[in-house]
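*Asks:* Quick one: the structure is below, questions incoming.
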Amino acid sequence: MGIVIVLLPRSWKSNTKLALRNIGRQRARTTTTLLALFVGVFTIGLILVLGQDLRDNINAAIANNLTFNLVTLARGNEATRLQSKLGTVPGLSTANTQARTYASAVPVAIDGVPFPALIPRNDQGGPNDLGSGGTLFYLGGLEGYDVAHGQLPDTRNTTFAGRNLNASDAGTNNVLINAYLLNLAPLKGHIHVGSMITLASIDGKSIKTVTVVGTYQTSGFNLHFGPILATRAAVTALTPAGQPTSIFYMKVDSSKVGKALQTIGNLAPNATVANFANIGDFINTFIGDILLVLTTIASLSLLAGVIIIANAVALAMLERRRELGILKSVGYTSRTVLGEVLIENGVVGGPGALLAMLLVTLATSLLGQFVFKTGFGVSWYIAIGLIVGIALLAMVTSTIVAWGSTRVRPLEVLRYE
């Protein structure tokens with residue numbers, strides 16, 4: 001600071017020295033103002049930085065993991081027609097589109113033990129318990145992969161125990177089940193890799209026993225409409241006659257989603273379509289709304305800081321009334337005196353905001369490492385914007401309050417002082 005003052009022009013040098021002297025004269029008042037600004041900037045900065053980091057991480061996860069944006073569930077002849085006409089869907093990337101078969105199922109037995117005997121009566125579930133409903137969900141549907149032609153369960157963000165499906169499983173009844181079934185009640189200890197699960201078709205006319213060759217657990221946006229990952233042979237065996245069902249995972253150009261939906265509707269009027277094309281926009285809007293509410297609440301602390309600044313400047317102008325008159329009588333202008341007040345409050349506001357943003361940087365780093373398990377950082381434009389903005393806010397507030405006091409005539413002051 002001393003080196004900077006030496007290099008300043010003479011008028012600025014004197015104003016800066018006066019400003020620093022005045023800051024030291026009222027240490028308690030300066031500390032209160034600095035603390036109020038620090039709390040306000042820290043709260044707002046932490047909310048903005050965390051919100052931006054969460055938004056960036058979610059968007060990156062969606063871009064890296066969600067390889068499709070439309071999911072279509074079609075049955076019977078509509079599924080066959082849609083499969084043959086996929087090339088007519090506007091904006092469709094055939095390289096990133098997959099069609100898998102699907103069949104609903106009802107669990108009958110596990111390793112020869114009747115399924116109802118494994119589920120406690122009225123099991124509603126809990127933190128470590130899937131309950132009867134959750135267990136039926138994870139055993140209630142099969143999604144068939146064409147493993148013979150290299151269509152395998154996605155390995156990204158997925159942890160396997162046992163093994164994944166491979167080409168040698170073509171034509172077999174080997175399946176993967178969700179790891180929750182092994183690790184959580186009520187089937188914990190009753191099912192494992194190698195277990196034989198007897199399933200019945202939804203119409204009760206077909207019964208098939210499948211073999212668990214592995215488990216999977218996803219940590220990203222991998223989506224499976226059928227919780228049991230199976231071969232097409234196993235799905236076909238449990239599909240009611242004349243009711244084949246296919247799931248199409250489609251990657252469509254975001255600018256042509258509307259036309260693609262219209263084409264799909266024409267090809268398969270009764271198909272169910274889930275549109276994930278705008279999921280990123282929805283998440284960004286949702287996070288933005290939450291941040292707006294939290295920032296508004298946090299701004300109350302900053303408003304308190306502004307009020308404290310205004311009160312401090314008003315008191316300072318009243319206490320320094322004689323000093324201002326003497327300064328103006330020896331040649332200081334209203335502009336010069338006001339400049340000293342601006343420097344004084346800018347020096348208080350700027351460092352307060354800087355210290356707050358340094359603490360925000362530390363807090364976000366620790367939260368990212370220990371809570372969110374990812375790398376968080378502070379955007380430079382948020383940091384600089386808050387530091388400069390708070391310094392300007394302090395200076396503007398002091399200008400409004402001190403404007404009248406700095407323009408008083410020396411004779412009016414010295415006559416009564």
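The way I read the labels, and the way they are meant: chains A, B, ... in the order of the structure tokens, residue 1 as the first residue of every chain, and ligand 1 as the first ligand shown, with later ones counted on from there.
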Run DSSP on the backbone and give me the residues of region 5-116 of chain A it puts in strand (DSSP E), as a PyMOL selection string.
*Replies:* chain A and resi 70-75+98-110+113-114
*Asks:* Pull N, CA and C atoms from the residues just selected and write them as a PDB file, in the first residue's frame.
*Replies:*
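Output below, filename out.pdb:
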ATOM      1  N   LEU A  70     -34.269 -39.157 -26.515  1.00  0.00           N
ATOM      2  CA  LEU A  70     -35.643 -39.628 -26.677  1.00  0.00           C
ATOM      3  C   LEU A  70     -35.685 -41.126 -26.390  1.00  0.00           C
ATOM      4  N   VAL A  71     -36.649 -41.553 -25.605  1.00  0.00           N
ATOM      5  CA  VAL A  71     -36.848 -42.974 -25.329  1.00  0.00           C
ATOM      6  C   VAL A  71     -38.283 -43.316 -25.737  1.00  0.00           C
ATOM      7  N   THR A  72     -38.408 -44.279 -26.638  1.00  0.00           N
ATOM      8  CA  THR A  72     -39.724 -44.650 -27.168  1.00  0.00           C
ATOM      9  C   THR A  72     -40.025 -46.094 -26.828  1.00  0.00           C
ATOM     10  N   LEU A  73     -41.187 -46.319 -26.245  1.00  0.00           N
ATOM     11  CA  LEU A  73     -41.648 -47.671 -25.912  1.00  0.00           C
ATOM     12  C   LEU A  73     -42.800 -48.017 -26.849  1.00  0.00           C
ATOM     13  N   ALA A  74     -42.555 -48.972 -27.745  1.00  0.00           N
ATOM     14  CA  ALA A  74     -43.555 -49.346 -28.750  1.00  0.00           C
ATOM     15  C   ALA A  74     -43.850 -50.835 -28.674  1.00  0.00           C
ATOM     16  N   ARG A  75     -45.085 -51.202 -29.021  1.00  0.00           N
ATOM     17  CA  ARG A  75     -45.517 -52.604 -28.915  1.00  0.00           C
ATOM     18  C   ARG A  75     -46.033 -53.117 -30.252  1.00  0.00           C
ATOM     19  N   GLN A  98     -30.188 -47.218 -30.107  1.00  0.00           N
ATOM     20  CA  GLN A  98     -30.285 -48.650 -29.848  1.00  0.00           C
ATOM     21  C   GLN A  98     -31.742 -49.047 -29.642  1.00  0.00           C
ATOM     22  N   ALA A  99     -32.064 -50.254 -30.097  1.00  0.00           N
ATOM     23  CA  ALA A  99     -33.385 -50.833 -29.863  1.00  0.00           C
ATOM     24  C   ALA A  99     -33.204 -52.088 -29.019  1.00  0.00           C
ATOM     25  N   ARG A 100     -33.892 -52.144 -27.892  1.00  0.00           N
ATOM     26  CA  ARG A 100     -33.821 -53.307 -27.011  1.00  0.00           C
ATOM     27  C   ARG A 100     -35.231 -53.837 -26.772  1.00  0.00           C
ATOM     28  N   THR A 101     -35.332 -55.126 -26.570  1.00  0.00           N
ATOM     29  CA  THR A 101     -36.633 -55.720 -26.302  1.00  0.00           C
ATOM     30  C   THR A 101     -36.943 -55.609 -24.808  1.00  0.00           C
ATOM     31  N   TYR A 102     -38.229 -55.746 -24.492  1.00  0.00           N
ATOM     32  CA  TYR A 102     -38.644 -55.578 -23.101  1.00  0.00           C
ATOM     33  C   TYR A 102     -39.806 -56.512 -22.804  1.00  0.00           C
ATOM     34  N   ALA A 103     -39.821 -57.036 -21.587  1.00  0.00           N
ATOM     35  CA  ALA A 103     -40.939 -57.868 -21.145  1.00  0.00           C
ATOM     36  C   ALA A 103     -41.134 -57.681 -19.647  1.00  0.00           C
ATOM     37  N   SER A 104     -42.397 -57.512 -19.248  1.00  0.00           N
ATOM     38  CA  SER A 104     -42.715 -57.469 -17.817  1.00  0.00           C
ATOM     39  C   SER A 104     -42.724 -58.896 -17.277  1.00  0.00           C
ATOM     40  N   ALA A 105     -42.420 -59.044 -16.003  1.00  0.00           N
ATOM     41  CA  ALA A 105     -42.360 -60.374 -15.406  1.00  0.00           C
ATOM     42  C   ALA A 105     -42.802 -60.322 -13.950  1.00  0.00           C
ATOM     43  N   VAL A 106     -43.115 -61.487 -13.423  1.00  0.00           N
ATOM     44  CA  VAL A 106     -43.506 -61.624 -12.023  1.00  0.00           C
ATOM     45  C   VAL A 106     -42.603 -62.674 -11.386  1.00  0.00           C
ATOM     46  N   PRO A 107     -41.884 -62.342 -10.305  1.00  0.00           N
ATOM     47  CA  PRO A 107     -41.008 -63.335  -9.659  1.00  0.00           C
ATOM     48  C   PRO A 107     -41.829 -64.433  -8.983  1.00  0.00           C
ATOM     49  N   VAL A 108     -41.399 -65.674  -9.217  1.00  0.00           N
ATOM     50  CA  VAL A 108     -42.108 -66.828  -8.653  1.00  0.00           C
ATOM     51  C   VAL A 108     -41.295 -67.463  -7.531  1.00  0.00           C
ATOM     52  N   ALA A 109     -39.998 -67.664  -7.779  1.00  0.00           N
ATOM     53  CA  ALA A 109     -39.148 -68.316  -6.779  1.00  0.00           C
ATOM     54  C   ALA A 109     -37.700 -67.911  -6.996  1.00  0.00           C
ATOM     55  N   ILE A 110     -36.906 -67.998  -5.937  1.00  0.00           N
ATOM     56  CA  ILE A 110     -35.466 -67.759  -6.006  1.00  0.00           C
ATOM     57  C   ILE A 110     -34.771 -68.968  -5.406  1.00  0.00           C
ATOM     58  N   VAL A 113     -36.982 -71.408  -3.618  1.00  0.00           N
ATOM     59  CA  VAL A 113     -37.796 -70.934  -2.492  1.00  0.00           C
ATOM     60  C   VAL A 113     -38.879 -70.011  -3.037  1.00  0.00           C
ATOM     61  N   PRO A 114     -40.149 -70.282  -2.757  1.00  0.00           N
ATOM     62  CA  PRO A 114     -41.225 -69.412  -3.257  1.00  0.00           C
ATOM     63  C   PRO A 114     -40.980 -67.950  -2.873  1.00  0.00           C
TER      64      PRO A 114
END
*Asks:* For region 35-45 of chain A, work out the shell of residues within 7 Å, counting only C-alpha atoms and skipping chain neighbours fewer than 3 positions away, then give it as an mmCIF file with N, CA and C atoms, in the first residue's frame.
*Replies:*
data_model
loop_
_atom_site.group_PDB
_atom_site.id
_atom_site.type_symbol
_atom_site.label_atom_id
_atom_site.label_comp_id
_atom_site.auth_asym_id
_atom_site.auth_seq_id
_atom_site.Cartn_x
_atom_site.Cartn_y
_atom_site.Cartn_z
ATOM 1 N N THR A 31 -14.526 -1.706 11.820
ATOM 2 C CA THR A 31 -14.625 -3.161 11.965
ATOM 3 C C THR A 31 -16.052 -3.644 11.770
ATOM 4 N N THR A 32 -17.012 -2.921 12.338
ATOM 5 C CA THR A 32 -18.428 -3.293 12.178
ATOM 6 C C THR A 32 -18.841 -3.252 10.723
ATOM 7 N N LEU A 48 -23.695 -18.297 -5.043
ATOM 8 C CA LEU A 48 -23.487 -18.179 -6.491
ATOM 9 C C LEU A 48 -22.459 -19.175 -7.003
ATOM 10 N N VAL A 49 -21.352 -19.314 -6.269
ATOM 11 C CA VAL A 49 -20.281 -20.211 -6.710
ATOM 12 C C VAL A 49 -20.739 -21.664 -6.666
ATOM 13 N N THR A 295 -30.308 -16.189 -2.830
ATOM 14 C CA THR A 295 -29.567 -14.934 -2.988
ATOM 15 C C THR A 295 -30.371 -13.763 -2.448
ATOM 16 N N ALA A 298 -30.021 -13.902 1.239
ATOM 17 C CA ALA A 298 -28.663 -13.509 1.637
ATOM 18 C C ALA A 298 -28.420 -12.018 1.426
ATOM 19 N N SER A 299 -29.132 -11.421 0.478
ATOM 20 C CA SER A 299 -28.943 -9.995 0.201
ATOM 21 C C SER A 299 -29.366 -9.129 1.372
ATOM 22 N N SER A 301 -28.422 -9.496 4.408
ATOM 23 C CA SER A 301 -27.217 -9.199 5.187
ATOM 24 C C SER A 301 -26.389 -8.123 4.501
ATOM 25 N N LEU A 302 -26.368 -8.149 3.164
ATOM 26 C CA LEU A 302 -25.645 -7.113 2.430
ATOM 27 C C LEU A 302 -26.345 -5.766 2.584
ATOM 28 N N ALA A 304 -27.954 -4.849 5.177
ATOM 29 C CA ALA A 304 -27.565 -4.365 6.508
ATOM 30 C C ALA A 304 -26.212 -3.683 6.455
ATOM 31 N N GLY A 305 -25.286 -4.250 5.653
ATOM 32 C CA GLY A 305 -23.984 -3.638 5.496
ATOM 33 C C GLY A 305 -24.073 -2.259 4.865
ATOM 34 N N GLY A 349 -14.651 -1.422 1.739
ATOM 35 C CA GLY A 349 -15.481 -2.373 0.991
ATOM 36 C C GLY A 349 -14.686 -3.367 0.175
ATOM 37 N N GLY A 352 -12.816 -6.071 2.312
ATOM 38 C CA GLY A 352 -13.829 -6.925 2.946
ATOM 39 C C GLY A 352 -14.360 -7.956 1.976
ATOM 40 N N ALA A 353 -14.645 -7.511 0.743
ATOM 41 C CA ALA A 353 -15.132 -8.440 -0.282
ATOM 42 C C ALA A 353 -14.039 -9.431 -0.692
ATOM 43 N N ALA A 356 -13.750 -12.104 1.930
ATOM 44 C CA ALA A 356 -14.916 -12.996 1.838
ATOM 45 C C ALA A 356 -14.766 -13.978 0.691
ATOM 46 N N MET A 357 -14.294 -13.529 -0.463
ATOM 47 C CA MET A 357 -14.146 -14.419 -1.615
ATOM 48 C C MET A 357 -13.022 -15.422 -1.413
ATOM 49 N N VAL A 360 -14.651 -18.006 0.556
ATOM 50 C CA VAL A 360 -15.557 -18.753 -0.336
ATOM 51 C C VAL A 360 -14.766 -19.787 -1.136
#
*Asks:* Given the choices A:Gln26, A:Ser329, A:Thr80, A:Asn284, which gets closest to Leu315 (chain A) if the distance is worked out from only C-alpha atoms?
*Replies:*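 Closest residue, counting only C-alpha atoms: A:Gln26.
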*Asks:* Region 132-148 of chain A: which residues within 9 Å, counting only C-alpha atoms, same-chain residues fewer than 2 positions away excluded, as number ranges by chain?
*Replies:* A: 99-107, 119-125, 129-130, 150-153, 165-171, 175, 177-178, 180-181, 185-187, 199, 224-236, 238, 246-247
*Asks:* Residues at most 8 Å from Arg163 (chain A), counting only C-alpha atoms, excluding those fewer than 2 positions away in the same chain, as a PyMOL selection string?
*Replies:* chain A and resi 160-161+165+213-215
*Asks:* Keeping only all heavy atoms, write the selected residues to a file as a PDB file, in the first residue's frame.
*Replies:*
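Once everything was written out, this is again-v2.pdb:
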ATOM      1  N   PHE A 160     -19.704 -53.521 -11.912  1.00  0.00           N
ATOM      2  CA  PHE A 160     -20.208 -54.889 -12.049  1.00  0.00           C
ATOM      3  C   PHE A 160     -19.570 -55.783 -10.991  1.00  0.00           C
ATOM      4  O   PHE A 160     -18.405 -55.630 -10.639  1.00  0.00           O
ATOM      5  CB  PHE A 160     -19.885 -55.451 -13.438  1.00  0.00           C
ATOM      6  CG  PHE A 160     -20.603 -54.751 -14.563  1.00  0.00           C
ATOM      7  CD1 PHE A 160     -19.996 -53.718 -15.260  1.00  0.00           C
ATOM      8  CD2 PHE A 160     -21.889 -55.124 -14.931  1.00  0.00           C
ATOM      9  CE1 PHE A 160     -20.642 -53.072 -16.286  1.00  0.00           C
ATOM     10  CE2 PHE A 160     -22.543 -54.486 -15.960  1.00  0.00           C
ATOM     11  CZ  PHE A 160     -21.923 -53.454 -16.645  1.00  0.00           C
ATOM     12  N   ALA A 161     -20.360 -56.724 -10.486  1.00  0.00           N
ATOM     13  CA  ALA A 161     -19.858 -57.806  -9.651  1.00  0.00           C
ATOM     14  C   ALA A 161     -20.217 -59.096 -10.361  1.00  0.00           C
ATOM     15  O   ALA A 161     -21.281 -59.215 -10.948  1.00  0.00           O
ATOM     16  CB  ALA A 161     -20.485 -57.763  -8.256  1.00  0.00           C
ATOM     17  N   LEU A 165     -22.634 -59.179 -19.312  1.00  0.00           N
ATOM     18  CA  LEU A 165     -23.051 -60.047 -20.404  1.00  0.00           C
ATOM     19  C   LEU A 165     -22.048 -59.947 -21.541  1.00  0.00           C
ATOM     20  O   LEU A 165     -21.391 -58.914 -21.725  1.00  0.00           O
ATOM     21  CB  LEU A 165     -24.443 -59.653 -20.901  1.00  0.00           C
ATOM     22  CG  LEU A 165     -25.608 -59.795 -19.908  1.00  0.00           C
ATOM     23  CD1 LEU A 165     -26.903 -59.288 -20.542  1.00  0.00           C
ATOM     24  CD2 LEU A 165     -25.769 -61.237 -19.457  1.00  0.00           C
ATOM     25  N   VAL A 213     -25.660 -64.033 -13.482  1.00  0.00           N
ATOM     26  CA  VAL A 213     -24.217 -64.152 -13.729  1.00  0.00           C
ATOM     27  C   VAL A 213     -23.454 -62.930 -13.221  1.00  0.00           C
ATOM     28  O   VAL A 213     -22.229 -62.909 -13.235  1.00  0.00           O
ATOM     29  CB  VAL A 213     -23.928 -64.364 -15.226  1.00  0.00           C
ATOM     30  CG1 VAL A 213     -24.537 -65.664 -15.705  1.00  0.00           C
ATOM     31  CG2 VAL A 213     -24.419 -63.176 -16.051  1.00  0.00           C
ATOM     32  N   GLY A 214     -24.192 -61.910 -12.778  1.00  0.00           N
ATOM     33  CA  GLY A 214     -23.530 -60.710 -12.271  1.00  0.00           C
ATOM     34  C   GLY A 214     -24.537 -59.700 -11.767  1.00  0.00           C
ATOM     35  O   GLY A 214     -25.748 -59.847 -11.949  1.00  0.00           O
ATOM     36  N   THR A 215     -24.011 -58.668 -11.111  1.00  0.00           N
ATOM     37  CA  THR A 215     -24.843 -57.557 -10.659  1.00  0.00           C
ATOM     38  C   THR A 215     -24.260 -56.260 -11.208  1.00  0.00           C
ATOM     39  O   THR A 215     -23.087 -56.191 -11.571  1.00  0.00           O
ATOM     40  CB  THR A 215     -24.896 -57.477  -9.125  1.00  0.00           C
ATOM     41  OG1 THR A 215     -23.591 -57.158  -8.626  1.00  0.00           O
ATOM     42  CG2 THR A 215     -25.367 -58.797  -8.530  1.00  0.00           C
TER      43      THR A 215
END
*Asks:* Give me, as a ChimeraX atom specification, all polymer residues having an atom no more than 12 Å from Ala95 (chain A), counting only C-alpha atoms and skipping those fewer than 4 positions away in the same chain.
*Replies:* /A:67-68,86-87,91,99,249-252
*Asks:* Could you take the residues named above and write them with N, CA, C and O atoms, as a PDB file, in the first residue's frame?
*Replies:*
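Resulting contents of again_2.pdb:
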ATOM      1  N   THR A  67     -26.376 -40.589 -23.571  1.00  0.00           N
ATOM      2  CA  THR A  67     -26.102 -40.693 -25.007  1.00  0.00           C
ATOM      3  C   THR A  67     -27.376 -40.655 -25.843  1.00  0.00           C
ATOM      4  O   THR A  67     -27.317 -40.823 -27.052  1.00  0.00           O
ATOM      5  N   PHE A  68     -28.531 -40.451 -25.215  1.00  0.00           N
ATOM      6  CA  PHE A  68     -29.793 -40.383 -25.939  1.00  0.00           C
ATOM      7  C   PHE A  68     -30.636 -39.263 -25.350  1.00  0.00           C
ATOM      8  O   PHE A  68     -30.394 -38.809 -24.233  1.00  0.00           O
ATOM      9  N   LEU A  86     -36.682 -46.213 -38.890  1.00  0.00           N
ATOM     10  CA  LEU A  86     -35.874 -45.326 -38.063  1.00  0.00           C
ATOM     11  C   LEU A  86     -35.124 -44.291 -38.889  1.00  0.00           C
ATOM     12  O   LEU A  86     -34.918 -43.152 -38.455  1.00  0.00           O
ATOM     13  N   GLY A  87     -34.724 -44.676 -40.084  1.00  0.00           N
ATOM     14  CA  GLY A  87     -33.972 -43.762 -40.937  1.00  0.00           C
ATOM     15  C   GLY A  87     -34.757 -42.551 -41.374  1.00  0.00           C
ATOM     16  O   GLY A  87     -34.171 -41.562 -41.832  1.00  0.00           O
ATOM     17  N   GLY A  91     -33.230 -35.846 -37.912  1.00  0.00           N
ATOM     18  CA  GLY A  91     -32.188 -35.548 -36.941  1.00  0.00           C
ATOM     19  C   GLY A  91     -31.685 -36.727 -36.139  1.00  0.00           C
ATOM     20  O   GLY A  91     -30.883 -36.558 -35.223  1.00  0.00           O
ATOM     21  N   ALA A  99     -32.064 -50.254 -30.097  1.00  0.00           N
ATOM     22  CA  ALA A  99     -33.385 -50.833 -29.863  1.00  0.00           C
ATOM     23  C   ALA A  99     -33.204 -52.088 -29.019  1.00  0.00           C
ATOM     24  O   ALA A  99     -32.411 -52.965 -29.359  1.00  0.00           O
ATOM     25  N   TYR A 249     -33.811 -46.274 -27.694  1.00  0.00           N
ATOM     26  CA  TYR A 249     -33.043 -45.186 -27.092  1.00  0.00           C
ATOM     27  C   TYR A 249     -32.453 -44.380 -28.249  1.00  0.00           C
ATOM     28  O   TYR A 249     -31.544 -44.832 -28.945  1.00  0.00           O
ATOM     29  N   MET A 250     -32.980 -43.159 -28.459  1.00  0.00           N
ATOM     30  CA  MET A 250     -32.649 -42.372 -29.655  1.00  0.00           C
ATOM     31  C   MET A 250     -31.854 -41.121 -29.307  1.00  0.00           C
ATOM     32  O   MET A 250     -32.127 -40.461 -28.305  1.00  0.00           O
ATOM     33  N   LYS A 251     -30.894 -40.823 -30.181  1.00  0.00           N
ATOM     34  CA  LYS A 251     -30.152 -39.566 -30.086  1.00  0.00           C
ATOM     35  C   LYS A 251     -30.562 -38.702 -31.266  1.00  0.00           C
ATOM     36  O   LYS A 251     -30.271 -39.022 -32.422  1.00  0.00           O
ATOM     37  N   VAL A 252     -31.285 -37.611 -30.974  1.00  0.00           N
ATOM     38  CA  VAL A 252     -31.833 -36.747 -32.019  1.00  0.00           C
ATOM     39  C   VAL A 252     -31.256 -35.354 -31.865  1.00  0.00           C
ATOM     40  O   VAL A 252     -31.077 -34.862 -30.734  1.00  0.00           O
TER      41      VAL A 252
END
*Asks:* Counting only C-alpha atoms, what is within 7 Å of region 332-340 of chain A, bar same-chain residues fewer than 4 positions away, as JSON, numbers by chain?
*Replies:* {"A": [15, 16, 18, 19, 327, 328, 344, 406, 407]}
*Asks:* As an exercise, work out the distance from CA of Ala402 (chain A) to CA of Pro351 (chain A) in Å and give it to one decimal place.
*Replies:*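 One can read the CA of Ala402 (chain A) to CA of Pro351 (chain A) distance as 21.5 Å.
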*Asks:* Region 31-119 of chain A: which residues are helix (DSSP H, G or I) by DSSP, as a PyMOL selection string?
*Replies:* chain A and resi 31-65+76-84+86-88+94-96+115-118
*Asks:* Please measure the separation of CA of Ser398 (chain A) and CA of Gly385 (chain A), giving the value in Å to one decimal.
*Replies:* 19.7 Å
*Asks:* What's around Gly76 (chain A) at 7 Å? Count only C-alpha atoms, leave out sequence neighbours fewer than 6 positions away in its own chain, and write the answer as an mmCIF file with N, CA and C atoms, in the first residue's frame.
*Replies:*
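After the write, selection_37.cif holds the following:
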data_model
loop_
_atom_site.group_PDB
_atom_site.id
_atom_site.type_symbol
_atom_site.label_atom_id
_atom_site.label_comp_id
_atom_site.auth_asym_id
_atom_site.auth_seq_id
_atom_site.Cartn_x
_atom_site.Cartn_y
_atom_site.Cartn_z
ATOM 1 N N GLY A 242 -47.895 -62.401 -29.427
ATOM 2 C CA GLY A 242 -48.433 -61.280 -30.198
ATOM 3 C C GLY A 242 -48.247 -59.925 -29.541
ATOM 4 N N GLN A 243 -47.484 -59.835 -28.459
ATOM 5 C CA GLN A 243 -47.302 -58.555 -27.766
ATOM 6 C C GLN A 243 -45.832 -58.204 -27.566
ATOM 7 N N PRO A 244 -45.021 -58.324 -28.612
ATOM 8 C CA PRO A 244 -43.604 -57.952 -28.440
ATOM 9 C C PRO A 244 -43.472 -56.457 -28.155
ATOM 10 N N THR A 245 -42.551 -56.126 -27.275
ATOM 11 C CA THR A 245 -42.332 -54.726 -26.888
ATOM 12 C C THR A 245 -40.865 -54.370 -27.097
#
